[in-house]
Amino acid sequence: MRKFSIVFSIFFSITCLSCSKPGDLTIQRAMKFYQSQDYEESLRLFNTALEEESNYSPELIYNFIANVYLKQEDLENAVIYQQKSCELHPEYRNLVSLGMTYHLLGRDEEAESAYQKAVELNPQKGEAYASLGAMYLGQNKTKEAVENLKKASELEPKIAVIHANLAVAYAAIGNPEASESEFKIAEDLKCKNLEEFKERAESMQKQ
């Protein structure tokens with residue numbers, strides 16, 4: 001998972017709810033167990049909360065459960081709950097995360113579908129375009145990779161890895177000048193593992 005620089009995190013906001021319901025305390029306890037890395041008890045409590053009346057929506061609880069599984073690198077179970085969450089309430093970032101998990105599982109057709117749904121929901125965000133572009137690059141679909149990575153770089157110009165991937169894509173289609181320009185931007189933005197991207201670009205240029 002680290003290879004794809006994927007960061008999955010749970011942003012917990014535990015607030016004093018004016019109309020507290022039985023499941024709310026269960027959710028808060030589950031969050032605390034998650035934070036203490038007792039994932040088994042956290043999962044048990046989140047699943048219990050699904051059967052209780054709560055101010056937390058089912059899709060949010062499903063997302064919490066998915067993140068617990070992701071923390072354990074259990075992709076097979078994580079994707080089940082990501083699917084449940086997105087089926088109830090398609091949300092941009094959750095669809096991007098679902099696509100990433102599909103991709104890690106080698107289910108690229110489903111990954112592409114999830115990314116495309118994210119783009120349809122919000123075409124002004126760059127993460128889905130960037131994820132599509134990186135996936136296409138790995139599939140040697142260089143034209144599609146350039147198209148999506150270029151769009152991503154326009155929407156998210158400060159994300160170094162997008163420029164690094166775009167540099168590789170330009171190298172793959174035989175445009176060394178554009179590749180060098182994107183590498184310069186990636187370097188200025190302090191892209192991690194930049195040499196690995198340059199080695200990949202060089203390898204593609206030789207093909």
# chains A, B, ... in the order shown; residues from 1 in each chain; ligands from 1
call {"tool": "residues_around", "arguments": {"residues": "segment 20-23 of chain A", "least_positions_apart": "2", "cutoff": "9 Å", "atoms": "only C-alpha atoms", "output": "PyMOL selection string"}}
result
chain A and resi 16-18+25-28+48-56
call {"tool": "select_by_dssp", "arguments": {"residues": "segment 25-150 of chain A", "states": "alpha helix (DSSP H)", "output": "VMD selection string"}}
result
chain A and resid 25 to 35 39 to 49 58 to 71 75 to 88 92 to 104 108 to 121 127 to 138 142 to 150
call {"tool": "residues_around", "arguments": {"residues": "Val146 of chain A", "least_positions_apart": "2", "cutoff": "8 Å", "atoms": "only C-alpha atoms", "output": "PyMOL selection string"}}
result
chain A and resi 133+142-144+148-150+166+169-170
call {"tool": "write_last_selection", "arguments": {"atoms": "N, CA, C and O atoms", "output": "compact mmCIF listing (two decimals), in the first residue's frame"}}
result
# COMPACT_ATOMS: atom_id res chain seq x y z
N GLY A 133 -5.09 8.61 -14.05
CA GLY A 133 -3.88 8.77 -14.85
C GLY A 133 -2.78 7.82 -14.42
O GLY A 133 -2.11 7.20 -15.26
N THR A 142 -0.84 5.20 -22.44
CA THR A 142 -0.13 6.47 -22.22
C THR A 142 -0.93 7.70 -22.62
O THR A 142 -0.84 8.74 -21.97
N LYS A 143 -1.70 7.60 -23.69
CA LYS A 143 -2.51 8.74 -24.12
C LYS A 143 -3.53 9.11 -23.04
O LYS A 143 -3.68 10.29 -22.68
N GLU A 144 -4.22 8.10 -22.52
CA GLU A 144 -5.21 8.34 -21.46
C GLU A 144 -4.53 8.84 -20.18
O GLU A 144 -5.08 9.67 -19.46
N ASN A 148 -5.45 12.50 -18.36
CA ASN A 148 -5.97 12.60 -16.99
C ASN A 148 -4.98 13.28 -16.05
O ASN A 148 -5.37 14.07 -15.19
N LEU A 149 -3.70 12.99 -16.18
CA LEU A 149 -2.70 13.60 -15.32
C LEU A 149 -2.55 15.09 -15.62
O LEU A 149 -2.32 15.90 -14.70
N LYS A 150 -2.68 15.47 -16.87
CA LYS A 150 -2.62 16.89 -17.22
C LYS A 150 -3.79 17.63 -16.58
O LYS A 150 -3.62 18.72 -16.02
N LEU A 166 3.04 12.72 -14.42
CA LEU A 166 2.85 13.32 -15.73
C LEU A 166 4.16 13.36 -16.51
O LEU A 166 4.18 13.14 -17.73
N ALA A 169 4.62 10.02 -17.95
CA ALA A 169 3.69 9.82 -19.06
C ALA A 169 4.18 10.53 -20.32
O ALA A 169 4.10 9.97 -21.43
N TYR A 170 4.68 11.76 -20.17
CA TYR A 170 5.21 12.49 -21.32
C TYR A 170 6.42 11.75 -21.92
O TYR A 170 6.57 11.67 -23.14
call {"tool": "closest_residue", "arguments": {"among": "A:Lys141, A:Ile65, A:Val168, A:Glu187", "to": "Ser203 of chain A", "atoms": "only C-alpha atoms"}}
result
A:Val168
call {"tool": "atom_distance", "arguments": {"atom1": "atom CA of Leu60 of chain A", "atom2": "atom CA of Ile80 of chain A"}}
result
13.8 Å
call {"tool": "closest_residue", "arguments": {"among": "A:Ile159, A:Tyr39, A:Leu70, A:Gln205", "to": "Glu182 of chain A", "atoms": "only C-alpha atoms"}}
result
A:Ile159
